[in-house]
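Q: This one is work03.pdb, PDB, C-alpha atoms.
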ATOM      1  CA  MET A  29      31.787 -35.076  -6.052
ATOM      2  CA  GLN A  30      30.236 -33.542  -2.945
ATOM      3  CA  GLU A  31      27.452 -31.005  -3.497
ATOM      4  CA  THR A  32      28.401 -28.167  -1.168
ATOM      5  CA  LEU A  33      31.619 -26.322  -0.455
ATOM      6  CA  GLY A  34      31.555 -27.507   3.155
ATOM      7  CA  LYS A  35      31.126 -31.132   2.181
ATOM      8  CA  ARG A  36      33.964 -30.828  -0.348
ATOM      9  CA  ILE A  37      36.264 -29.315   2.272
ATOM     10  CA  ALA A  38      35.367 -32.129   4.699
ATOM     11  CA  ALA A  39      35.909 -34.821   2.058
ATOM     12  CA  HIS A  40      39.310 -33.422   1.034
ATOM     13  CA  ARG A  41      40.363 -33.024   4.663
ATOM     14  CA  ARG A  42      39.484 -36.644   5.422
ATOM     15  CA  GLU A  43      41.354 -37.777   2.290
ATOM     16  CA  MET A  44      44.407 -36.001   3.666
ATOM     17  CA  ASN A  45      43.915 -37.768   7.029
ATOM     18  CA  MET A  46      43.791 -34.394   8.758
ATOM     19  CA  THR A  47      41.676 -33.403  11.768
ATOM     20  CA  GLN A  48      39.706 -30.155  11.937
ATOM     21  CA  GLU A  49      42.100 -28.988  14.659
ATOM     22  CA  GLU A  50      45.184 -29.656  12.508
ATOM     23  CA  MET A  51      43.657 -27.853   9.586
ATOM     24  CA  ALA A  52      42.629 -24.888  11.736
ATOM     25  CA  GLU A  53      46.113 -24.641  13.232
ATOM     26  CA  LYS A  54      47.771 -24.581   9.794
ATOM     27  CA  LEU A  55      45.405 -21.854   8.602
ATOM     28  CA  GLY A  56      45.677 -19.856  11.813
ATOM     29  CA  ILE A  57      41.970 -20.031  12.595
ATOM     30  CA  SER A  58      39.828 -21.837  15.175
ATOM     31  CA  ALA A  59      38.635 -25.432  14.859
ATOM     32  CA  GLN A  60      35.079 -24.144  15.337
ATOM     33  CA  ALA A  61      35.458 -22.078  12.163
ATOM     34  CA  VAL A  62      36.438 -25.204  10.216
ATOM     35  CA  SER A  63      33.512 -27.089  11.733
ATOM     36  CA  LYS A  64      31.142 -24.311  10.622
ATOM     37  CA  TRP A  65      32.530 -24.424   7.073
ATOM     38  CA  GLU A  66      32.065 -28.168   6.890
ATOM     39  CA  ASN A  67      28.496 -27.911   8.157
ATOM     40  CA  ASP A  68      27.772 -25.154   5.620
ATOM     41  CA  GLN A  69      26.964 -22.646   8.343
ATOM     42  CA  THR A  70      29.636 -20.224   7.105
ATOM     43  CA  CYS A  71      32.061 -19.989   4.180
ATOM     44  CA  PRO A  72      35.840 -19.578   4.294
ATOM     45  CA  ASP A  73      37.173 -16.061   3.851
ATOM     46  CA  ILE A  74      38.152 -15.473   0.223
ATOM     47  CA  SER A  75      41.730 -14.660   1.236
ATOM     48  CA  LEU A  76      42.053 -18.125   2.804
ATOM     49  CA  LEU A  77      40.957 -20.048  -0.275
ATOM     50  CA  PRO A  78      44.356 -20.354  -2.043
ATOM     51  CA  ALA A  79      46.058 -21.632   1.129
ATOM     52  CA  LEU A  80      43.121 -23.924   1.856
ATOM     53  CA  ALA A  81      43.163 -25.382  -1.666
ATOM     54  CA  LYS A  82      46.927 -25.888  -1.514
ATOM     55  CA  MET A  83      46.679 -27.616   1.848
ATOM     56  CA  LEU A  84      43.936 -29.920   0.563
ATOM     57  CA  ASN A  85      45.907 -30.741  -2.579
ATOM     58  CA  THR A  86      43.268 -29.280  -4.837
ATOM     59  CA  THR A  87      42.469 -26.024  -6.608
ATOM     60  CA  VAL A  88      40.287 -23.085  -5.646
ATOM     61  CA  ASP A  89      38.249 -23.767  -8.756
ATOM     62  CA  GLU A  90      37.577 -27.340  -7.756
ATOM     63  CA  LEU A  91      36.737 -26.378  -4.196
ATOM     64  CA  LEU A  92      34.217 -23.788  -5.331
ATOM     65  CA  SER A  93      32.719 -25.526  -8.339
ATOM     66  CA  GLY A  94      32.982 -29.149  -7.299
ATOM     67  CA  LYS A  95      34.260 -29.961 -10.759
ATOM     68  CA  PRO A  96      37.513 -31.888 -10.592
ATOM     69  CA  GLU A  97      40.467 -30.047 -12.077
ATOM     70  CA  THR A  98      41.135 -33.208 -14.037
ATOM     71  CA  GLU A  99      37.996 -32.631 -16.074
ATOM     72  CA  SER A 100      39.272 -29.335 -17.312
ATOM     73  CA  GLY A 101      42.735 -30.319 -18.409
ATOM     74  CA  ILE A 102      46.047 -31.936 -17.920
ATOM     75  CA  SER A 103      49.057 -30.835 -15.954
ATOM     76  CA  ILE A 104      52.656 -31.927 -15.574
ATOM     77  CA  VAL A 105      53.726 -31.855 -11.968
ATOM     78  CA  PRO A 106      57.415 -31.069 -11.341
ATOM     79  CA  GLU A 107      59.408 -33.861  -9.748
ATOM     80  CA  GLY A 108      59.665 -32.500  -6.203
ATOM     81  CA  GLN A 109      55.952 -31.703  -5.982
ATOM     82  CA  ARG A 110      54.571 -35.048  -7.106
ATOM     83  CA  LYS A 111      52.341 -37.069  -4.823
ATOM     84  CA  ASP A 112      53.345 -40.545  -3.758
ATOM     85  CA  ILE A 113      51.870 -43.090  -6.152
ATOM     86  CA  LYS A 114      50.176 -44.678  -3.115
ATOM     87  CA  ASP A 115      48.017 -41.557  -2.766
ATOM     88  CA  MET A 116      47.053 -41.304  -6.422
ATOM     89  CA  MET A 117      43.794 -42.513  -7.834
ATOM     90  CA  LEU A 118      42.995 -43.569 -11.375
ATOM     91  CA  ARG A 119      39.426 -42.627 -12.172
ATOM     92  CA  MET A 120      37.447 -43.880 -15.118
ATOM     93  CA  LYS A 121      34.128 -42.475 -16.246
ATOM     94  CA  VAL A 122      32.072 -44.241 -18.871
ATOM     95  CA  ASP A 123      29.000 -42.421 -20.122
ATOM     96  CA  SER A 124      26.873 -44.295 -22.610
ATOM     97  CA  PRO A 125      24.480 -42.539 -24.992
ATOM     98  CA  ASN A 126      21.433 -44.188 -23.378
ATOM     99  CA  GLY A 127      22.271 -42.521 -20.074
ATOM    100  CA  ASP A 128      24.087 -45.325 -18.271
ATOM    101  CA  LYS A 129      26.965 -44.073 -16.153
ATOM    102  CA  VAL A 130      29.858 -46.056 -14.747
ATOM    103  CA  ARG A 131      32.414 -44.634 -12.338
ATOM    104  CA  ILE A 132      35.451 -46.673 -11.356
ATOM    105  CA  SER A 133      38.206 -45.556  -8.995
ATOM    106  CA  VAL A 134      41.353 -47.646  -8.709
ATOM    107  CA  PRO A 135      44.359 -46.642  -6.592
ATOM    108  CA  MET A 136      47.470 -46.175  -8.732
ATOM    109  CA  ALA A 137      49.386 -48.517  -6.412
ATOM    110  CA  LEU A 138      47.026 -51.284  -7.477
ATOM    111  CA  VAL A 139      47.333 -50.327 -11.139
ATOM    112  CA  GLN A 140      51.094 -50.677 -10.774
ATOM    113  CA  LEU A 141      50.696 -54.135  -9.257
ATOM    114  CA  ALA A 142      48.157 -55.119 -11.913
ATOM    115  CA  VAL A 143      50.601 -54.126 -14.662
ATOM    116  CA  GLU A 144      53.332 -56.185 -13.009
ATOM    117  CA  MET A 145      50.917 -59.117 -12.976
ATOM    118  CA  GLY A 146      50.126 -58.635 -16.675
ATOM    119  CA  MET A 147      46.523 -57.572 -16.188
ATOM    120  CA  ALA A 148      44.677 -55.336 -18.630
ATOM    121  CA  LEU A 149      41.819 -52.956 -17.890
ATOM    122  CA  PRO A 150      38.915 -55.215 -18.962
ATOM    123  CA  GLN A 151      40.253 -57.809 -16.511
ATOM    124  CA  VAL A 152      40.344 -55.176 -13.777
ATOM    125  CA  THR A 153      37.020 -53.523 -14.545
ATOM    126  CA  GLY A 154      35.149 -55.963 -16.748
ATOM    127  CA  ASN A 155      34.101 -53.098 -19.020
ATOM    128  CA  ALA A 156      34.534 -53.720 -22.758
ATOM    129  CA  ALA A 157      34.671 -49.990 -23.558
ATOM    130  CA  LEU A 158      38.023 -49.896 -21.805
ATOM    131  CA  GLN A 159      39.565 -52.859 -23.625
ATOM    132  CA  ASN A 160      42.114 -50.967 -25.750
ATOM    133  CA  ILE A 161      43.474 -48.848 -22.961
ATOM    134  CA  ASP A 162      47.045 -49.645 -22.079
ATOM    135  CA  LEU A 163      47.681 -49.557 -18.347
ATOM    136  CA  LYS A 164      51.444 -49.531 -18.935
ATOM    137  CA  GLN A 165      51.172 -46.283 -20.892
ATOM    138  CA  ILE A 166      49.063 -44.707 -18.167
ATOM    139  CA  LEU A 167      51.611 -45.743 -15.575
ATOM    140  CA  ALA A 168      54.462 -44.373 -17.701
ATOM    141  CA  MET A 169      52.648 -41.022 -18.040
ATOM    142  CA  VAL A 170      52.040 -40.826 -14.295
ATOM    143  CA  ASP A 171      55.711 -41.683 -13.680
ATOM    144  CA  LYS A 172      56.614 -38.627 -15.751
ATOM    145  CA  GLY A 173      54.349 -36.453 -13.590
ATOM    146  CA  VAL A 174      51.352 -36.216 -15.896
ATOM    147  CA  MET A 175      48.188 -35.630 -13.886
ATOM    148  CA  GLY A 176      44.669 -34.778 -14.845
ATOM    149  CA  ASN A 177      42.584 -35.796 -17.800
ATOM    150  CA  LEU A 178      44.761 -38.392 -19.534
ATOM    151  CA  MET A 179      42.244 -39.619 -22.008
ATOM    152  CA  GLU A 180      38.863 -38.791 -23.454
ATOM    153  CA  VAL A 181      37.712 -41.313 -26.013
ATOM    154  CA  GLU A 182      34.445 -41.537 -27.862
ATOM    155  CA  VAL A 183      33.661 -45.077 -28.956
ATOM    156  CA  ALA A 184      31.704 -45.809 -32.169
ATOM    157  CA  ASP A 185      28.394 -46.382 -30.366
ATOM    158  CA  GLY A 186      28.624 -42.953 -28.743
ATOM    159  CA  THR A 187      29.983 -44.134 -25.417
ATOM    160  CA  THR A 188      32.472 -41.683 -23.953
ATOM    161  CA  VAL A 189      35.330 -42.839 -21.778
ATOM    162  CA  TYR A 190      37.278 -40.418 -19.599
ATOM    163  CA  ILE A 191      40.377 -41.467 -17.746
ATOM    164  CA  TYR A 192      42.021 -39.166 -15.285
ATOM    165  CA  VAL A 193      44.537 -39.368 -12.503
ATOM    166  CA  GLU A 194      44.357 -37.320  -9.330
TER     167      GLU A 194
ATOM    168  CA  MET B  11      32.897 -54.348   1.670
ATOM    169  CA  LYS B  12      29.576 -52.595   1.171
ATOM    170  CA  ILE B  13      27.307 -53.346  -1.742
ATOM    171  CA  HIS B  14      24.245 -51.209  -2.365
ATOM    172  CA  VAL B  15      21.816 -52.054  -5.139
ATOM    173  CA  ILE B  16      18.811 -49.898  -5.880
ATOM    174  CA  GLU B  17      16.337 -51.117  -8.474
ATOM    175  CA  ASN B  18      13.451 -48.926  -9.640
ATOM    176  CA  GLY B  19      14.007 -46.649  -6.663
ATOM    177  CA  VAL B  20      13.759 -49.544  -4.198
ATOM    178  CA  GLN B  21      16.767 -50.707  -2.243
ATOM    179  CA  LYS B  22      17.197 -54.367  -3.182
ATOM    180  CA  VAL B  23      20.568 -55.163  -1.646
ATOM    181  CA  ASN B  24      22.432 -53.523   1.201
ATOM    182  CA  LEU B  25      25.219 -55.917   2.002
ATOM    183  CA  HIS B  26      27.967 -55.230   4.511
ATOM    184  CA  LEU B  27      30.719 -57.828   4.573
ATOM    185  CA  PRO B  28      33.936 -57.714   6.590
ATOM    186  CA  THR B  29      36.749 -56.954   4.125
ATOM    187  CA  GLY B  30      39.005 -59.457   5.908
ATOM    188  CA  LEU B  31      36.554 -62.226   5.090
ATOM    189  CA  LEU B  32      36.910 -61.576   1.370
ATOM    190  CA  LEU B  33      40.494 -60.466   1.158
ATOM    191  CA  ASN B  34      42.815 -62.821   2.992
ATOM    192  CA  ARG B  35      45.513 -65.443   2.415
ATOM    193  CA  PHE B  36      42.899 -68.075   1.612
ATOM    194  CA  THR B  37      41.244 -66.025  -1.145
ATOM    195  CA  ALA B  38      44.737 -65.125  -2.394
ATOM    196  CA  CYS B  39      45.388 -68.862  -2.823
ATOM    197  CA  LEU B  40      42.134 -69.226  -4.775
ATOM    198  CA  ALA B  41      42.812 -66.243  -7.049
ATOM    199  CA  PRO B  42      45.256 -68.011  -9.452
ATOM    200  CA  HIS B  43      42.692 -70.775 -10.063
ATOM    201  CA  PHE B  44      39.939 -68.211 -10.598
ATOM    202  CA  MET B  45      42.134 -66.328 -13.086
ATOM    203  CA  LYS B  46      42.953 -69.537 -14.957
ATOM    204  CA  ASP B  47      39.288 -70.558 -15.180
ATOM    205  CA  ASN B  48      38.282 -67.104 -16.445
ATOM    206  CA  ASP B  49      41.066 -66.663 -19.024
ATOM    207  CA  GLY B  50      42.828 -64.114 -16.862
ATOM    208  CA  PRO B  51      46.573 -63.595 -16.786
ATOM    209  CA  PRO B  52      48.576 -66.301 -15.014
ATOM    210  CA  ILE B  53      49.310 -65.042 -11.525
ATOM    211  CA  THR B  54      50.768 -66.695  -8.472
ATOM    212  CA  GLY B  55      49.271 -66.841  -5.000
ATOM    213  CA  ALA B  56      52.062 -64.577  -3.757
ATOM    214  CA  GLN B  57      51.194 -61.934  -6.384
ATOM    215  CA  ALA B  58      47.521 -62.154  -5.474
ATOM    216  CA  TYR B  59      48.392 -61.728  -1.814
ATOM    217  CA  ARG B  60      50.517 -58.647  -2.594
ATOM    218  CA  PHE B  61      47.562 -57.229  -4.500
ATOM    219  CA  ILE B  62      45.206 -57.946  -1.612
ATOM    220  CA  LYS B  63      47.631 -56.386   0.869
ATOM    221  CA  ALA B  64      47.888 -53.218  -1.246
ATOM    222  CA  LEU B  65      44.110 -53.120  -1.528
ATOM    223  CA  LYS B  66      43.660 -53.391   2.244
ATOM    224  CA  GLU B  67      46.362 -50.817   2.890
ATOM    225  CA  TYR B  68      44.700 -48.321   0.566
ATOM    226  CA  LYS B  69      41.304 -49.036   2.114
ATOM    227  CA  ALA B  70      42.731 -48.417   5.602
ATOM    228  CA  ASN B  71      44.141 -45.044   4.534
ATOM    229  CA  HIS B  72      41.130 -44.013   2.459
ATOM    230  CA  PRO B  73      38.042 -45.417   4.190
ATOM    231  CA  GLU B  74      35.633 -43.528   1.930
ATOM    232  CA  TRP B  75      36.977 -45.068  -1.259
ATOM    233  CA  VAL B  76      34.204 -46.051  -3.669
ATOM    234  CA  LEU B  77      35.435 -48.733  -6.048
ATOM    235  CA  VAL B  78      32.544 -48.792  -8.498
ATOM    236  CA  GLU B  79      29.426 -46.735  -8.969
ATOM    237  CA  VAL B  80      27.018 -47.615 -11.742
ATOM    238  CA  GLN B  81      23.876 -45.701 -12.564
ATOM    239  CA  SER B  82      21.633 -46.886 -15.346
ATOM    240  CA  ALA B  83      19.322 -44.695 -17.376
ATOM    241  CA  ASN B  84      16.246 -46.363 -15.863
ATOM    242  CA  GLY B  85      17.295 -45.429 -12.341
ATOM    243  CA  ASP B  86      19.002 -48.621 -11.204
ATOM    244  CA  TYR B  87      22.046 -47.947  -9.092
ATOM    245  CA  VAL B  88      24.924 -50.077  -7.836
ATOM    246  CA  LYS B  89      27.656 -48.912  -5.505
ATOM    247  CA  ILE B  90      30.537 -51.008  -4.218
ATOM    248  CA  CYS B  91      32.830 -49.715  -1.480
ATOM    249  CA  LEU B  92      35.615 -51.831  -0.102
TER     250      LEU B  92
END
The structure in this file should be written as structure tokens.

A:
Amino acid sequence: MQETLGKRIAAHRREMNMTQEEMAEKLGISAQAVSKWENDQTCPDISLLPALAKMLNTTVDELLSGKPETESGISIVPEGQRKDIKDMMLRMKVDSPNGDKVRISVPMALVQLAVEMGMALPQVTGNAALQNIDLKQILAMVDKGVMGNLMEVEVADGTTVYIYVE
Amino acid sequence: MKIHVIENGVQKVNLHLPTGLLLNRFTACLAPHFMKDNDGPPITGAQAYRFIKALKEYKANHPEWVLVEVQSANGDYVKICL
């Protein structure tokens, strides 16, 4: 996750394949203002934050804190508001007690294909801590609109595995 | 594909490879044999090619996608971007 508000806004905007001009037009401000936000020269007006977060498919909390919403909970997105599976990302975080950290991001479209091909997570990631995780179940949950922190598992040796979809 | 490896604070590997060189019809043909040799699920070349196509499509739409990031307790760091 990016360190500053400006960097987070820029990263989300690029993820949405949006230019600074397009974003400025939708918010009714100038492109220079967006450029200043992204370069951390100024901050967005507080009254713009909800619209900005909505446009960037995120939350005000995530924009301000940099902590993904998925780390704080789970949500069920109503059918009409769900993102296309092609734009979803399955993220896996493995934190071992000795301080090793692994971060894996796999597009949901690839997870879907992997399930069709009969692959399991260790074959996708090569990480043994993820061996009992059922990709089919994850896919089924996402199909039903479940987003956010799907799983938080602590393995016997103290390794913690987080799986979330965003 | 970009591979960055930092060991003890020193950059050991900074490899930039054209994605098309690694993900193409030829490598899709090799994938079923690789899977078989490594006890992977039986897949066909066509399935592997579909997978590769989806991978390239996602990469084209999300150029900043980081596939794997590993940070060890002793400071070693590996990052793979497609």

Q: Enumerate, as a PyMOL selection string, the residues matched when the PyMOL selection byres ((chain A) within 12 of (chain B)) is run on the file above.

A: chain A and resi 29+38-46+113-155

Q: Take the residues from that selection and put them in a file with C-alpha atoms, as a PDB file, keeping the file's coordinate frame.

A:
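again-v4.pdb written:
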ATOM      1  CA  MET A  29      31.787 -35.076  -6.052  1.00  0.00           C
ATOM      2  CA  ALA A  38      35.367 -32.129   4.699  1.00  0.00           C
ATOM      3  CA  ALA A  39      35.909 -34.821   2.058  1.00  0.00           C
ATOM      4  CA  HIS A  40      39.310 -33.422   1.034  1.00  0.00           C
ATOM      5  CA  ARG A  41      40.363 -33.024   4.663  1.00  0.00           C
ATOM      6  CA  ARG A  42      39.484 -36.644   5.422  1.00  0.00           C
ATOM      7  CA  GLU A  43      41.354 -37.777   2.290  1.00  0.00           C
ATOM      8  CA  MET A  44      44.407 -36.001   3.666  1.00  0.00           C
ATOM      9  CA  ASN A  45      43.915 -37.768   7.029  1.00  0.00           C
ATOM     10  CA  MET A  46      43.791 -34.394   8.758  1.00  0.00           C
ATOM     11  CA  ILE A 113      51.870 -43.090  -6.152  1.00  0.00           C
ATOM     12  CA  LYS A 114      50.176 -44.678  -3.115  1.00  0.00           C
ATOM     13  CA  ASP A 115      48.017 -41.557  -2.766  1.00  0.00           C
ATOM     14  CA  MET A 116      47.053 -41.304  -6.422  1.00  0.00           C
ATOM     15  CA  MET A 117      43.794 -42.513  -7.834  1.00  0.00           C
ATOM     16  CA  LEU A 118      42.995 -43.569 -11.375  1.00  0.00           C
ATOM     17  CA  ARG A 119      39.426 -42.627 -12.172  1.00  0.00           C
ATOM     18  CA  MET A 120      37.447 -43.880 -15.118  1.00  0.00           C
ATOM     19  CA  LYS A 121      34.128 -42.475 -16.246  1.00  0.00           C
ATOM     20  CA  VAL A 122      32.072 -44.241 -18.871  1.00  0.00           C
ATOM     21  CA  ASP A 123      29.000 -42.421 -20.122  1.00  0.00           C
ATOM     22  CA  SER A 124      26.873 -44.295 -22.610  1.00  0.00           C
ATOM     23  CA  PRO A 125      24.480 -42.539 -24.992  1.00  0.00           C
ATOM     24  CA  ASN A 126      21.433 -44.188 -23.378  1.00  0.00           C
ATOM     25  CA  GLY A 127      22.271 -42.521 -20.074  1.00  0.00           C
ATOM     26  CA  ASP A 128      24.087 -45.325 -18.271  1.00  0.00           C
ATOM     27  CA  LYS A 129      26.965 -44.073 -16.153  1.00  0.00           C
ATOM     28  CA  VAL A 130      29.858 -46.056 -14.747  1.00  0.00           C
ATOM     29  CA  ARG A 131      32.414 -44.634 -12.338  1.00  0.00           C
ATOM     30  CA  ILE A 132      35.451 -46.673 -11.356  1.00  0.00           C
ATOM     31  CA  SER A 133      38.206 -45.556  -8.995  1.00  0.00           C
ATOM     32  CA  VAL A 134      41.353 -47.646  -8.709  1.00  0.00           C
ATOM     33  CA  PRO A 135      44.359 -46.642  -6.592  1.00  0.00           C
ATOM     34  CA  MET A 136      47.470 -46.175  -8.732  1.00  0.00           C
ATOM     35  CA  ALA A 137      49.386 -48.517  -6.412  1.00  0.00           C
ATOM     36  CA  LEU A 138      47.026 -51.284  -7.477  1.00  0.00           C
ATOM     37  CA  VAL A 139      47.333 -50.327 -11.139  1.00  0.00           C
ATOM     38  CA  GLN A 140      51.094 -50.677 -10.774  1.00  0.00           C
ATOM     39  CA  LEU A 141      50.696 -54.135  -9.257  1.00  0.00           C
ATOM     40  CA  ALA A 142      48.157 -55.119 -11.913  1.00  0.00           C
ATOM     41  CA  VAL A 143      50.601 -54.126 -14.662  1.00  0.00           C
ATOM     42  CA  GLU A 144      53.332 -56.185 -13.009  1.00  0.00           C
ATOM     43  CA  MET A 145      50.917 -59.117 -12.976  1.00  0.00           C
ATOM     44  CA  GLY A 146      50.126 -58.635 -16.675  1.00  0.00           C
ATOM     45  CA  MET A 147      46.523 -57.572 -16.188  1.00  0.00           C
ATOM     46  CA  ALA A 148      44.677 -55.336 -18.630  1.00  0.00           C
ATOM     47  CA  LEU A 149      41.819 -52.956 -17.890  1.00  0.00           C
ATOM     48  CA  PRO A 150      38.915 -55.215 -18.962  1.00  0.00           C
ATOM     49  CA  GLN A 151      40.253 -57.809 -16.511  1.00  0.00           C
ATOM     50  CA  VAL A 152      40.344 -55.176 -13.777  1.00  0.00           C
ATOM     51  CA  THR A 153      37.020 -53.523 -14.545  1.00  0.00           C
ATOM     52  CA  GLY A 154      35.149 -55.963 -16.748  1.00  0.00           C
ATOM     53  CA  ASN A 155      34.101 -53.098 -19.020  1.00  0.00           C
TER      54      ASN A 155
END

Q: Apply the PyMOL selection byres ((chain B and resi 26) around 12) to the structure shown and report the selected residues as a list in words.

A: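 Residues picked by the PyMOL selection byres ((chain B and resi 26) around 12): Met11, Lys12, Ile13, His14, Val15, Val23, Asn24, Leu25, Leu27, Pro28, Thr29, Gly30, Leu31, Leu32, Lys89, Ile90, Cys91 and Leu92 of chain B.
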
Q: What gap, in Å, lies between CA of Pro106 in chain A and CA of Lys172 in chain A?

A: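 If I compute the distance from CA of Pro106 in chain A to CA of Lys172 in chain A, I get 8.8 Å.
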
Q: Could you jot down the CA of Gly173 in chain A to CA of Gln109 in chain A separation for me, Å, one decimal place?

A: 9.1 Å

Q: So which one's closest to Asn67 in chain A, A:Ser93, A:Lys54, A:Ala81, A:Thr32? Using only C-alpha atoms, please.

A: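 Nearest candidate to Asn67 in chain A out of A:Ser93, A:Lys54, A:Ala81, A:Thr32: A:Thr32.
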
Q: CA of Met169 in chain A and CA of Ile191 in chain A, how far apart in Å?

A: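 So the answer is 12.3 Å.
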
Q: With all atoms listed in the file as the atoms that count, which of B:Ala70, B:Ile16, B:Cys39, B:Lys22 lies nearest to Gly55 in chain B?

A: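 Looking at the shortest contact to Gly55 in chain B, the residue is B:Cys39.
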
Q: Name the residues in contact with Ile37 in chain A at a cut-off of 8 Å, using only C-alpha atoms, excluding same-chain residues fewer than 5 positions from it; report them as a list in words.

A: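 My reading of the contact set: Trp65, Glu66, Leu84 and Leu91 of chain A.
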
Q: Please provide the set of residues having any atom within 10 Å of Val105 in chain A, restricted to only C-alpha atoms, with same-chain residues fewer than 3 positions apart removed, written as a PyMOL selection string.

A: chain A and resi 102+108-111+170+172-176

Q: Applying the PyMOL selection byres ((chain B and resi 38) around 8) to the file I just gave you, which residues come out? Please list them as a ChimeraX atom specification.

A: /B:33-37,39-42,55-56,58-59,62

Q: Kindly export the residues of the current selection with C-alpha atoms, as a PDB file, in the coordinates of the input.

A:
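Done, and the output landed in result13.pdb:
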ATOM      1  CA  LEU B  33      40.494 -60.466   1.158  1.00  0.00           C
ATOM      2  CA  ASN B  34      42.815 -62.821   2.992  1.00  0.00           C
ATOM      3  CA  ARG B  35      45.513 -65.443   2.415  1.00  0.00           C
ATOM      4  CA  PHE B  36      42.899 -68.075   1.612  1.00  0.00           C
ATOM      5  CA  THR B  37      41.244 -66.025  -1.145  1.00  0.00           C
ATOM      6  CA  CYS B  39      45.388 -68.862  -2.823  1.00  0.00           C
ATOM      7  CA  LEU B  40      42.134 -69.226  -4.775  1.00  0.00           C
ATOM      8  CA  ALA B  41      42.812 -66.243  -7.049  1.00  0.00           C
ATOM      9  CA  PRO B  42      45.256 -68.011  -9.452  1.00  0.00           C
ATOM     10  CA  GLY B  55      49.271 -66.841  -5.000  1.00  0.00           C
ATOM     11  CA  ALA B  56      52.062 -64.577  -3.757  1.00  0.00           C
ATOM     12  CA  ALA B  58      47.521 -62.154  -5.474  1.00  0.00           C
ATOM     13  CA  TYR B  59      48.392 -61.728  -1.814  1.00  0.00           C
ATOM     14  CA  ILE B  62      45.206 -57.946  -1.612  1.00  0.00           C
TER      15      ILE B  62
END
